[in-house]
$ cat upload.txt   # compact mmCIF, C-alpha atoms and all ligand atoms
# COMPACT_ATOMS: atom_id res chain seq x y z
CA MET Z 1 0.00 0.00 0.00
CA ILE Z 2 1.07 3.59 -0.61
CA GLU Z 3 -0.32 6.13 1.82
CA PHE Z 4 -0.66 9.89 1.33
CA LYS Z 5 -1.13 12.14 4.37
CA ASP Z 6 -1.64 15.91 4.08
CA VAL Z 7 0.29 16.02 0.81
CA THR Z 8 0.56 19.29 -1.08
CA TYR Z 9 2.65 20.34 -4.03
CA THR Z 10 3.07 23.97 -5.08
CA TYR Z 11 4.91 25.08 -8.23
CA PHE Z 12 7.13 28.14 -7.69
CA ALA Z 13 6.45 28.10 -3.94
CA ASN Z 14 7.14 31.38 -2.14
CA THR Z 15 7.22 33.43 -5.33
CA PRO Z 16 4.54 35.66 -6.88
CA PHE Z 17 3.93 32.80 -9.37
CA GLU Z 18 3.16 30.14 -6.79
CA LYS Z 19 0.49 27.66 -7.79
CA LEU Z 20 -0.96 24.97 -5.51
CA ALA Z 21 -1.26 22.10 -7.99
CA LEU Z 22 -1.97 19.17 -5.66
CA ASN Z 23 -3.70 18.88 -2.30
CA ILE Z 24 -4.42 15.37 -0.98
CA PRO Z 25 -5.30 15.24 2.74
CA SER Z 26 -5.57 11.45 2.86
CA LEU Z 27 -5.32 8.60 0.35
CA GLU Z 28 -4.56 4.86 0.44
CA LEU Z 29 -3.53 3.15 -2.79
CA SER Z 30 -3.43 -0.62 -2.97
CA MET Z 31 -0.71 -2.21 -5.02
CA GLY Z 32 -2.86 -4.78 -6.84
CA GLU Z 33 -4.92 -2.23 -8.77
CA TYR Z 34 -4.85 -0.81 -12.29
CA TYR Z 35 -5.79 2.81 -11.59
CA GLY Z 36 -7.14 5.12 -14.28
CA VAL Z 37 -6.50 8.80 -13.54
CA LEU Z 38 -8.81 11.41 -15.10
CA GLY Z 39 -9.89 15.01 -14.82
CA PRO Z 40 -9.89 18.21 -16.87
CA THR Z 41 -6.76 19.87 -18.24
CA GLY Z 42 -4.72 21.41 -15.44
CA SER Z 43 -6.50 19.41 -12.70
CA GLY Z 44 -3.26 17.93 -11.37
CA LYS Z 45 -3.03 14.48 -13.00
CA SER Z 46 0.57 14.74 -14.17
CA THR Z 47 1.59 16.46 -10.94
CA PHE Z 48 0.02 13.56 -9.00
CA LEU Z 49 2.07 11.02 -11.00
CA LYS Z 50 5.28 12.97 -10.41
CA VAL Z 51 4.61 13.31 -6.69
CA LEU Z 52 3.65 9.64 -6.39
CA THR Z 53 6.93 8.57 -7.99
CA HIS Z 54 8.98 11.06 -5.93
CA LEU Z 55 10.08 12.99 -9.03
CA LEU Z 56 8.72 16.15 -7.40
CA PRO Z 57 9.50 16.65 -3.70
CA ILE Z 58 6.30 17.43 -1.79
CA ASN Z 59 5.98 20.71 0.15
CA THR Z 60 4.01 19.26 3.06
CA GLY Z 61 2.85 15.88 4.34
CA SER Z 62 4.14 12.39 3.74
CA ILE Z 63 3.99 9.56 1.21
CA THR Z 64 4.71 6.15 2.70
CA ILE Z 65 5.35 2.97 0.75
CA ASN Z 66 4.12 0.16 3.00
CA GLU Z 67 5.84 -2.79 1.40
CA THR Z 68 9.40 -4.00 1.17
CA PHE Z 69 11.37 -3.72 -2.05
CA ASP Z 70 14.97 -4.31 -2.94
CA ASP Z 71 15.74 -1.30 -5.15
CA ILE Z 72 13.84 2.03 -5.23
CA ARG Z 73 15.14 2.67 -8.77
CA LYS Z 74 13.12 -0.29 -10.04
CA TYR Z 75 10.06 0.33 -7.87
CA PHE Z 76 8.47 2.91 -10.19
CA GLY Z 77 8.59 2.86 -13.98
CA PHE Z 78 7.53 6.23 -15.41
CA VAL Z 79 6.42 6.46 -19.03
CA PHE Z 80 6.32 10.18 -19.87
CA GLN Z 81 4.15 11.66 -22.60
CA GLN Z 82 5.60 10.83 -26.03
CA PRO Z 83 8.36 8.59 -24.59
CA GLU Z 84 9.68 7.95 -28.12
CA HIS Z 85 11.27 11.42 -27.97
CA GLN Z 86 13.68 9.96 -25.43
CA LEU Z 87 15.01 7.24 -27.75
CA PHE Z 88 18.59 8.15 -28.60
CA CYS Z 89 20.57 4.94 -29.26
CA GLU Z 90 21.58 3.58 -32.66
CA THR Z 91 19.79 0.26 -32.21
CA VAL Z 92 16.74 -0.96 -30.35
CA ARG Z 93 19.01 -3.44 -28.51
CA GLU Z 94 21.08 -0.56 -27.11
CA GLU Z 95 17.92 1.19 -25.92
CA PHE Z 96 17.08 -1.89 -23.85
CA GLU Z 97 20.64 -2.25 -22.60
CA PHE Z 98 20.75 1.40 -21.56
CA SER Z 99 17.53 1.07 -19.59
CA LEU Z 100 18.43 -2.27 -17.94
CA ASN Z 101 21.86 -0.96 -16.98
CA ASN Z 102 20.46 2.34 -15.72
CA PHE Z 103 17.98 0.56 -13.48
CA GLY Z 104 20.54 -1.82 -12.07
CA VAL Z 105 19.38 -5.10 -13.61
CA ASP Z 106 21.87 -7.99 -13.48
CA LYS Z 107 23.48 -8.37 -16.93
CA ALA Z 108 22.83 -12.13 -16.99
CA LEU Z 109 19.08 -11.37 -17.13
CA TRP Z 110 19.17 -8.76 -19.90
CA MET Z 111 18.40 -11.12 -22.81
CA ASP Z 112 15.41 -12.76 -21.11
CA LYS Z 113 14.00 -9.48 -19.85
CA THR Z 114 14.36 -7.86 -23.28
CA ALA Z 115 12.68 -10.83 -24.99
CA ASN Z 116 9.75 -10.77 -22.53
CA ALA Z 117 9.21 -7.03 -22.91
CA LEU Z 118 9.38 -7.16 -26.73
CA LYS Z 119 6.81 -9.96 -26.68
CA LEU Z 120 4.49 -7.91 -24.45
CA VAL Z 121 4.42 -5.09 -27.01
CA GLY Z 122 4.03 -7.42 -29.98
CA LEU Z 123 7.45 -6.89 -31.61
CA SER Z 124 9.71 -9.70 -32.86
CA GLU Z 125 13.37 -9.97 -31.89
CA ASP Z 126 14.24 -8.89 -35.46
CA PHE Z 127 13.62 -5.37 -34.22
CA LEU Z 128 16.63 -5.50 -31.90
CA ASP Z 129 19.13 -4.66 -34.63
CA LYS Z 130 17.05 -1.87 -36.16
CA ASP Z 131 17.72 1.83 -35.81
CA PRO Z 132 14.80 3.29 -33.81
CA LEU Z 133 14.64 6.14 -36.34
CA VAL Z 134 13.41 3.82 -39.10
CA LEU Z 135 10.43 2.55 -37.08
CA SER Z 136 6.88 3.86 -37.43
CA GLY Z 137 5.53 6.21 -34.75
CA GLY Z 138 3.56 3.42 -33.09
CA GLN Z 139 6.53 1.03 -33.13
CA LYS Z 140 8.78 3.70 -31.59
CA ARG Z 141 6.25 4.22 -28.80
CA ARG Z 142 6.11 0.43 -28.22
CA VAL Z 143 9.92 0.18 -28.05
CA ALA Z 144 10.13 3.10 -25.61
CA ILE Z 145 7.50 1.56 -23.34
CA ALA Z 146 9.01 -1.93 -23.62
CA SER Z 147 12.40 -0.58 -22.48
CA ILE Z 148 10.68 0.35 -19.21
CA LEU Z 149 8.63 -2.84 -18.92
CA ALA Z 150 11.93 -4.73 -19.34
CA TYR Z 151 13.17 -3.87 -15.84
CA GLU Z 152 9.77 -4.86 -14.43
CA PRO Z 153 8.90 -1.92 -12.20
CA ARG Z 154 6.59 -2.83 -9.34
CA VAL Z 155 4.45 0.21 -10.20
CA LEU Z 156 4.06 1.26 -13.84
CA VAL Z 157 3.08 4.90 -14.30
CA LEU Z 158 1.77 6.00 -17.70
CA ASP Z 159 0.97 9.59 -18.75
CA GLU Z 160 -1.24 9.48 -21.87
CA PRO Z 161 0.53 6.37 -23.26
CA THR Z 162 -1.78 5.88 -26.24
CA ALA Z 163 -2.23 9.51 -27.33
CA GLY Z 164 -1.29 10.06 -30.96
CA VAL Z 165 -0.51 6.45 -31.90
CA ASP Z 166 -2.22 4.39 -34.60
CA GLY Z 167 -5.16 2.15 -33.70
CA LEU Z 168 -3.20 -1.11 -33.90
CA SER Z 169 -0.37 0.12 -31.63
CA LYS Z 170 -2.98 1.45 -29.21
CA GLU Z 171 -4.70 -1.96 -28.96
CA ILE Z 172 -1.34 -3.72 -28.56
CA LEU Z 173 -0.27 -1.34 -25.80
CA LEU Z 174 -3.57 -1.76 -23.95
CA ASP Z 175 -3.13 -5.56 -24.19
CA ALA Z 176 0.41 -5.18 -22.84
CA PHE Z 177 -0.74 -3.11 -19.83
CA ARG Z 178 -3.56 -5.59 -19.13
CA SER Z 179 -1.08 -8.49 -19.13
CA TYR Z 180 1.37 -6.55 -16.98
CA HIS Z 181 -1.39 -5.92 -14.43
CA LYS Z 182 -2.44 -9.60 -14.51
CA GLN Z 183 1.17 -10.53 -13.74
CA GLY Z 184 0.66 -8.80 -10.38
CA HIS Z 185 1.97 -5.29 -11.04
CA CYS Z 186 0.28 -2.04 -10.11
CA ILE Z 187 -0.47 0.51 -12.85
CA PHE Z 188 -1.46 4.19 -12.92
CA LEU Z 189 -2.69 5.37 -16.31
CA VAL Z 190 -3.55 9.00 -17.02
CA SER Z 191 -5.80 9.39 -20.03
CA HIS Z 192 -8.26 11.81 -21.58
CA ASP Z 193 -9.75 8.75 -23.32
CA LEU Z 194 -12.47 7.88 -20.83
CA ASN Z 195 -13.45 4.70 -22.67
CA ILE Z 196 -9.97 3.33 -22.01
CA ILE Z 197 -10.20 4.04 -18.28
CA ASN Z 198 -13.72 2.64 -18.13
CA ASN Z 199 -12.92 -0.56 -20.04
CA GLU Z 200 -9.39 -1.33 -18.85
CA CYS Z 201 -8.91 -0.13 -15.30
CA SER Z 202 -9.89 -1.83 -12.03
CA LYS Z 203 -10.27 1.51 -10.20
CA ALA Z 204 -10.40 5.14 -11.25
CA MET Z 205 -9.51 8.41 -9.56
CA SER Z 206 -10.76 11.78 -10.75
CA PHE Z 207 -9.09 15.11 -10.07
CA LYS Z 208 -10.40 18.66 -10.05
CA ASP Z 209 -8.38 21.77 -9.18
CA GLY Z 210 -5.60 19.66 -7.67
CA MET Z 211 -7.98 17.79 -5.36
CA LEU Z 212 -9.08 14.18 -5.53
CA LEU Z 213 -12.79 14.35 -6.36
CA ASN Z 214 -13.52 10.63 -6.29
CA ILE Z 215 -11.85 7.21 -6.22
CA GLY Z 216 -13.51 3.85 -6.80
CA ASP Z 217 -15.37 1.90 -9.47
CA PRO Z 218 -14.24 3.26 -12.87
CA PHE Z 219 -17.71 3.80 -14.36
CA GLU Z 220 -19.13 5.48 -11.25
CA THR Z 221 -16.04 7.65 -10.88
CA ILE Z 222 -16.09 8.74 -14.53
CA VAL Z 223 -19.78 9.62 -14.66
CA SER Z 224 -19.47 11.74 -11.52
CA ALA Z 225 -16.25 13.49 -12.67
CA ASP Z 226 -15.89 17.02 -14.06
CA VAL Z 227 -15.41 15.77 -17.64
CA THR Z 228 -17.44 15.46 -20.84
CA LEU Z 229 -18.57 11.87 -21.29
CA THR Z 230 -18.07 9.98 -24.55
CA PRO Z 231 -21.35 9.19 -26.38
CA GLY Z 232 -21.04 5.54 -25.27
CA LEU Z 233 -20.58 6.41 -21.61
CA ALA Z 234 -23.39 8.98 -21.71
CA LEU Z 235 -25.72 6.35 -23.18
CA LEU Z 236 -24.71 3.74 -20.59
CA LYS Z 237 -25.26 6.28 -17.81
CA ASP Z 238 -28.82 6.88 -19.07
CA ILE Z 239 -29.63 3.18 -19.50
CA LYS Z 240 -28.15 2.33 -16.11
CA ALA Z 241 -30.52 4.77 -14.42
CA SER Z 242 -33.40 2.43 -15.38
CA TYR Z 243 -31.51 -0.89 -15.55
CA PRO Z 244 -28.84 -0.80 -12.83
CA GLN Z 245 -27.62 -4.35 -13.53
CA ILE Z 246 -26.22 -3.69 -17.06
CA SER Z 247 -22.54 -4.22 -17.83
CA THR Z 248 -20.80 -0.86 -18.21
CA GLN Z 249 -18.21 -1.75 -20.88
CA VAL Z 250 -18.23 0.62 -23.85
CA SER Z 251 -18.18 -1.92 -26.69
CA ALA Z 252 -20.34 -2.88 -29.67
CA ASN Z 253 -20.84 -6.34 -28.11
CA ASN Z 254 -22.12 -4.94 -24.86
CA PHE Z 255 -24.55 -2.58 -26.59
CA GLN Z 256 -25.85 -5.53 -28.65
CA GLU Z 257 -26.32 -7.61 -25.48
CA ILE Z 258 -28.13 -4.76 -23.74
CA GLY Z 259 -30.33 -4.25 -26.81
CA LYS Z 260 -31.22 -7.95 -26.94
CA SER Z 261 -31.96 -8.37 -23.25
CA TYR Z 262 -34.17 -5.31 -22.99
CA ALA Z 263 -35.91 -5.41 -26.41
CA SER Z 264 -38.83 -7.27 -24.89
CA LYS Z 265 -39.20 -5.09 -21.78
N1 LIG G 301 6.09 23.29 -14.48
C1 LIG G 301 5.03 23.99 -14.03
N2 LIG G 301 5.18 25.23 -13.51
C2 LIG G 301 4.12 25.93 -13.04
N3 LIG G 301 2.87 25.48 -13.00
C3 LIG G 301 2.66 24.24 -13.48
C4 LIG G 301 3.72 23.43 -14.02
N4 LIG G 301 3.21 22.24 -14.42
C5 LIG G 301 1.89 22.30 -14.15
N5 LIG G 301 1.56 23.50 -13.59
C6 LIG G 301 0.21 23.92 -13.15
O1 LIG G 301 -0.25 23.00 -12.16
C7 LIG G 301 -1.61 22.65 -12.38
C8 LIG G 301 -1.72 21.14 -12.59
O2 LIG G 301 -1.06 20.81 -13.79
P1 LIG G 301 -0.90 19.32 -14.32
O3 LIG G 301 0.09 19.36 -15.44
O4 LIG G 301 -0.62 18.41 -13.20
O5 LIG G 301 -2.37 19.04 -14.89
P2 LIG G 301 -2.91 17.83 -15.78
O6 LIG G 301 -4.18 17.38 -15.12
O7 LIG G 301 -1.85 16.82 -16.00
O8 LIG G 301 -3.29 18.56 -17.14
P3 LIG G 301 -3.31 18.00 -18.65
O9 LIG G 301 -4.58 17.21 -18.80
O10 LIG G 301 -3.34 19.24 -19.48
O11 LIG G 301 -2.08 17.17 -18.86
C9 LIG G 301 -2.07 23.48 -13.57
O12 LIG G 301 -2.69 24.65 -13.09
C10 LIG G 301 -0.79 23.83 -14.30
O13 LIG G 301 -0.91 25.05 -14.96
MG MG G 302 -0.87 16.16 -17.70
$ encode --input "upload.txt" --output "structure tokens"
Amino acid sequence: MIEFKDVTYTYFANTPFEKLALNIPSLELSMGEYYGVLGPTGSGKSTFLKVLTHLLPINTGSITINETFDDIRKYFGFVFQQPEHQLFCETVREEFEFSLNNFGVDKALWMDKTANALKLVGLSEDFLDKDPLVLSGGQKRRVAIASILAYEPRVLVLDEPTAGVDGLSKEILLDAFRSYHKQGHCIFLVSHDLNIINNECSKAMSFKDGMLLNIGDPFETIVSADVTLTPGLALLKDIKASYPQISTQVSANNFQEIGKSYASK
């Protein structure tokens, strides 16, 4: 469990520009969840991720990690927005080696860890000898994310990981995160794509003005958040008001099922 107590973060503290960007009096996060993080622009989502992972030092309060771990470097894996901009090696293999070395992974494990991570993001080992520059945008994104999955962080933190990639890469990445969660890892995923949070995450947290508005069931959290719902979510919200037992997945299959079961009512 990770516990927040009286946590605040202020940009440019003690200057005329100071801005309180995060204010969390109390929060308990359990390490088996796949959390979706949502809220309007400027509500504090990215700041929350940076505070959670200790990239930004908090101004007040405490954040306690209540489990044992062998190496803090490998505890959090942070995938920044557009992580492909951080690829700089001449081959995909060197990208993996840089990351595994940087995060202190035993060299004897590098080949296995690289192979597992490539498999998770649907790329063959033929990619290892390629120059990242020749890859498509979606493949670059998958390589960048795989180089973090390779060192197997306990907590994977993703800021808009599927924004601006092609549909196939998006589906592959969502599959990869789902598998990574099933393997027992914790995930935090920030997204403006509410369908993703609704369909993929086990819990959701919504922010507004730097405060945590709600945390809990993804659908309930999304429909009560300060955001514009997708047409699918808006429709499910309306149907659920009369038929509370419906499944809340936004998918063609689910809408067909709902249509069939209630056609006769
Ligand atoms: N480096 C910075 N310096 C000063 N203020 C900042 C900085 N980064 C963010 N802020 C401010 O802190 C608040 C929270 O920003 P944050 O980036 O966490 O929001 P967000 O929810 O991630 O937004 P978005 O959806 O646009 O990514 C906003 O008011 C923002 O203007
Ligand atoms: Mg952000």
$ atom_distance --input "upload.txt" --atom1 "atom CA of Ser30 of chain Z" --atom2 "atom CA of His181 of chain Z"
12.8 Å
$ residues_near_ligand --input "upload.txt" --ligand "ligand MG 302 (chain G)" --cutoff "10 Å" --atoms "only C-alpha atoms and all ligand atoms" --output "PyMOL selection string"
chain Z and resi 38-49+80-81+159-160+190-192
$ write_last_selection --input "upload.txt" --atoms "C-alpha atoms" --output "PDB file, keeping the file's coordinate frame"
ATOM      1  CA  LEU Z  38      -8.810  11.410 -15.100  1.00  0.00           C
ATOM      2  CA  GLY Z  39      -9.890  15.010 -14.820  1.00  0.00           C
ATOM      3  CA  PRO Z  40      -9.890  18.210 -16.870  1.00  0.00           C
ATOM      4  CA  THR Z  41      -6.760  19.870 -18.240  1.00  0.00           C
ATOM      5  CA  GLY Z  42      -4.720  21.410 -15.440  1.00  0.00           C
ATOM      6  CA  SER Z  43      -6.500  19.410 -12.700  1.00  0.00           C
ATOM      7  CA  GLY Z  44      -3.260  17.930 -11.370  1.00  0.00           C
ATOM      8  CA  LYS Z  45      -3.030  14.480 -13.000  1.00  0.00           C
ATOM      9  CA  SER Z  46       0.570  14.740 -14.170  1.00  0.00           C
ATOM     10  CA  THR Z  47       1.590  16.460 -10.940  1.00  0.00           C
ATOM     11  CA  PHE Z  48       0.020  13.560  -9.000  1.00  0.00           C
ATOM     12  CA  LEU Z  49       2.070  11.020 -11.000  1.00  0.00           C
ATOM     13  CA  PHE Z  80       6.320  10.180 -19.870  1.00  0.00           C
ATOM     14  CA  GLN Z  81       4.150  11.660 -22.600  1.00  0.00           C
ATOM     15  CA  ASP Z 159       0.970   9.590 -18.750  1.00  0.00           C
ATOM     16  CA  GLU Z 160      -1.240   9.480 -21.870  1.00  0.00           C
ATOM     17  CA  VAL Z 190      -3.550   9.000 -17.020  1.00  0.00           C
ATOM     18  CA  SER Z 191      -5.800   9.390 -20.030  1.00  0.00           C
ATOM     19  CA  HIS Z 192      -8.260  11.810 -21.580  1.00  0.00           C
TER      20      HIS Z 192
END
$ residues_around --input "upload.txt" --residues "Glu28 of chain Z" --least-positions-apart "5" --cutoff "10 Å" --atoms "all atoms listed in the file" --output "PyMOL selection string"
chain Z and resi 1-5+63-64
$ residues_around --input "upload.txt" --residues "segment 213-222 of chain Z" --least-positions-apart "3" --cutoff "8 Å" --atoms "only C-alpha atoms" --output "list in words"
Gly36, Leu38, Leu194, Ile197, Asn198, Cys201, Ser202, Lys203, Ala204, Met205, Ser206, Phe207, Lys208, Ala225, Val227, Leu229 and Thr248 of chain Z
$ write_last_selection --input "upload.txt" --atoms "C-alpha atoms" --output "PDB file, keeping the file's coordinate frame"
ATOM      1  CA  GLY Z  36      -7.140   5.120 -14.280  1.00  0.00           C
ATOM      2  CA  LEU Z  38      -8.810  11.410 -15.100  1.00  0.00           C
ATOM      3  CA  LEU Z 194     -12.470   7.880 -20.830  1.00  0.00           C
ATOM      4  CA  ILE Z 197     -10.200   4.040 -18.280  1.00  0.00           C
ATOM      5  CA  ASN Z 198     -13.720   2.640 -18.130  1.00  0.00           C
ATOM      6  CA  CYS Z 201      -8.910  -0.130 -15.300  1.00  0.00           C
ATOM      7  CA  SER Z 202      -9.890  -1.830 -12.030  1.00  0.00           C
ATOM      8  CA  LYS Z 203     -10.270   1.510 -10.200  1.00  0.00           C
ATOM      9  CA  ALA Z 204     -10.400   5.140 -11.250  1.00  0.00           C
ATOM     10  CA  MET Z 205      -9.510   8.410  -9.560  1.00  0.00           C
ATOM     11  CA  SER Z 206     -10.760  11.780 -10.750  1.00  0.00           C
ATOM     12  CA  PHE Z 207      -9.090  15.110 -10.070  1.00  0.00           C
ATOM     13  CA  LYS Z 208     -10.400  18.660 -10.050  1.00  0.00           C
ATOM     14  CA  ALA Z 225     -16.250  13.490 -12.670  1.00  0.00           C
ATOM     15  CA  VAL Z 227     -15.410  15.770 -17.640  1.00  0.00           C
ATOM     16  CA  LEU Z 229     -18.570  11.870 -21.290  1.00  0.00           C
ATOM     17  CA  THR Z 248     -20.800  -0.860 -18.210  1.00  0.00           C
TER      18      THR Z 248
END
$ atom_distance --input "upload.txt" --atom1 "atom CA of Val105 of chain Z" --atom2 "atom CA of Ser62 of chain Z"
29.0 Å
$ closest_residue --input "upload.txt" --among "Z:Thr162, Z:Ser136, Z:Thr8, Z:Thr68" --to "Pro83 of chain Z" --atoms "all atoms listed in the file"
Z:Thr162
$ residues_around --input "upload.txt" --residues "Asp71 of chain Z" --least-positions-apart "3" --cutoff "10 Å" --atoms "all atoms listed in the file" --output "MDAnalysis selection string"
chainID Z and resid 68 74:76 103:105 153
$ atom_distance --input "upload.txt" --atom1 "atom CA of Ser147 of chain Z" --atom2 "atom C6 of ligand LIG 301 (chain G)"
28.9 Å
$ residues_around --input "upload.txt" --residues "segment 114-119 of chain Z" --least-positions-apart "6" --cutoff "8 Å" --atoms "all atoms listed in the file" --output "PDB file with C-alpha atoms, in the coordinates of the input"
ATOM      1  CA  PHE Z  96      17.080  -1.890 -23.850  1.00  0.00           C
ATOM      2  CA  GLU Z 125      13.370  -9.970 -31.890  1.00  0.00           C
ATOM      3  CA  VAL Z 143       9.920   0.180 -28.050  1.00  0.00           C
ATOM      4  CA  ALA Z 146       9.010  -1.930 -23.620  1.00  0.00           C
ATOM      5  CA  SER Z 147      12.400  -0.580 -22.480  1.00  0.00           C
ATOM      6  CA  LEU Z 149       8.630  -2.840 -18.920  1.00  0.00           C
ATOM      7  CA  ALA Z 150      11.930  -4.730 -19.340  1.00  0.00           C
TER       8      ALA Z 150
END
$ closest_residue --input "upload.txt" --among "Z:Ile145, Z:Val51, Z:Leu120, Z:Leu212" --to "Asp175 of chain Z" --atoms "all atoms listed in the file"
Z:Leu120
$ closest_residue --input "upload.txt" --among "Z:Pro132, Z:Arg93, Z:Leu123, Z:Tyr151" --to "Ser169 of chain Z" --atoms "only C-alpha atoms"
Z:Leu123
$ closest_residue --input "upload.txt" --among "Z:His85, Z:Arg142, Z:Lys260, Z:Lys19" --to "Leu173 of chain Z" --atoms "all atoms listed in the file"
Z:Arg142
$ closest_residue --input "upload.txt" --among "Z:Met211, Z:Ala263, Z:Leu156, Z:Ile58" --to "ligand LIG 301 (chain G)" --atoms "all atoms listed in the file"
Z:Met211
$ closest_residue --input "upload.txt" --among "Z:Thr228, Z:Gln183, Z:Thr60, Z:Gln245" --to "Arg154 of chain Z" --atoms "only C-alpha atoms"
Z:Gln183
$ axis_aligned_box --input "upload.txt" --around "ligand LIG 301 (chain G)" --padding-each-side "8 Å" --output "JSON"
{"center_x": 0.8, "center_y": 21.4, "center_z": -15.8, "size_x": 26.7, "size_y": 25.1, "size_z": 23.3}
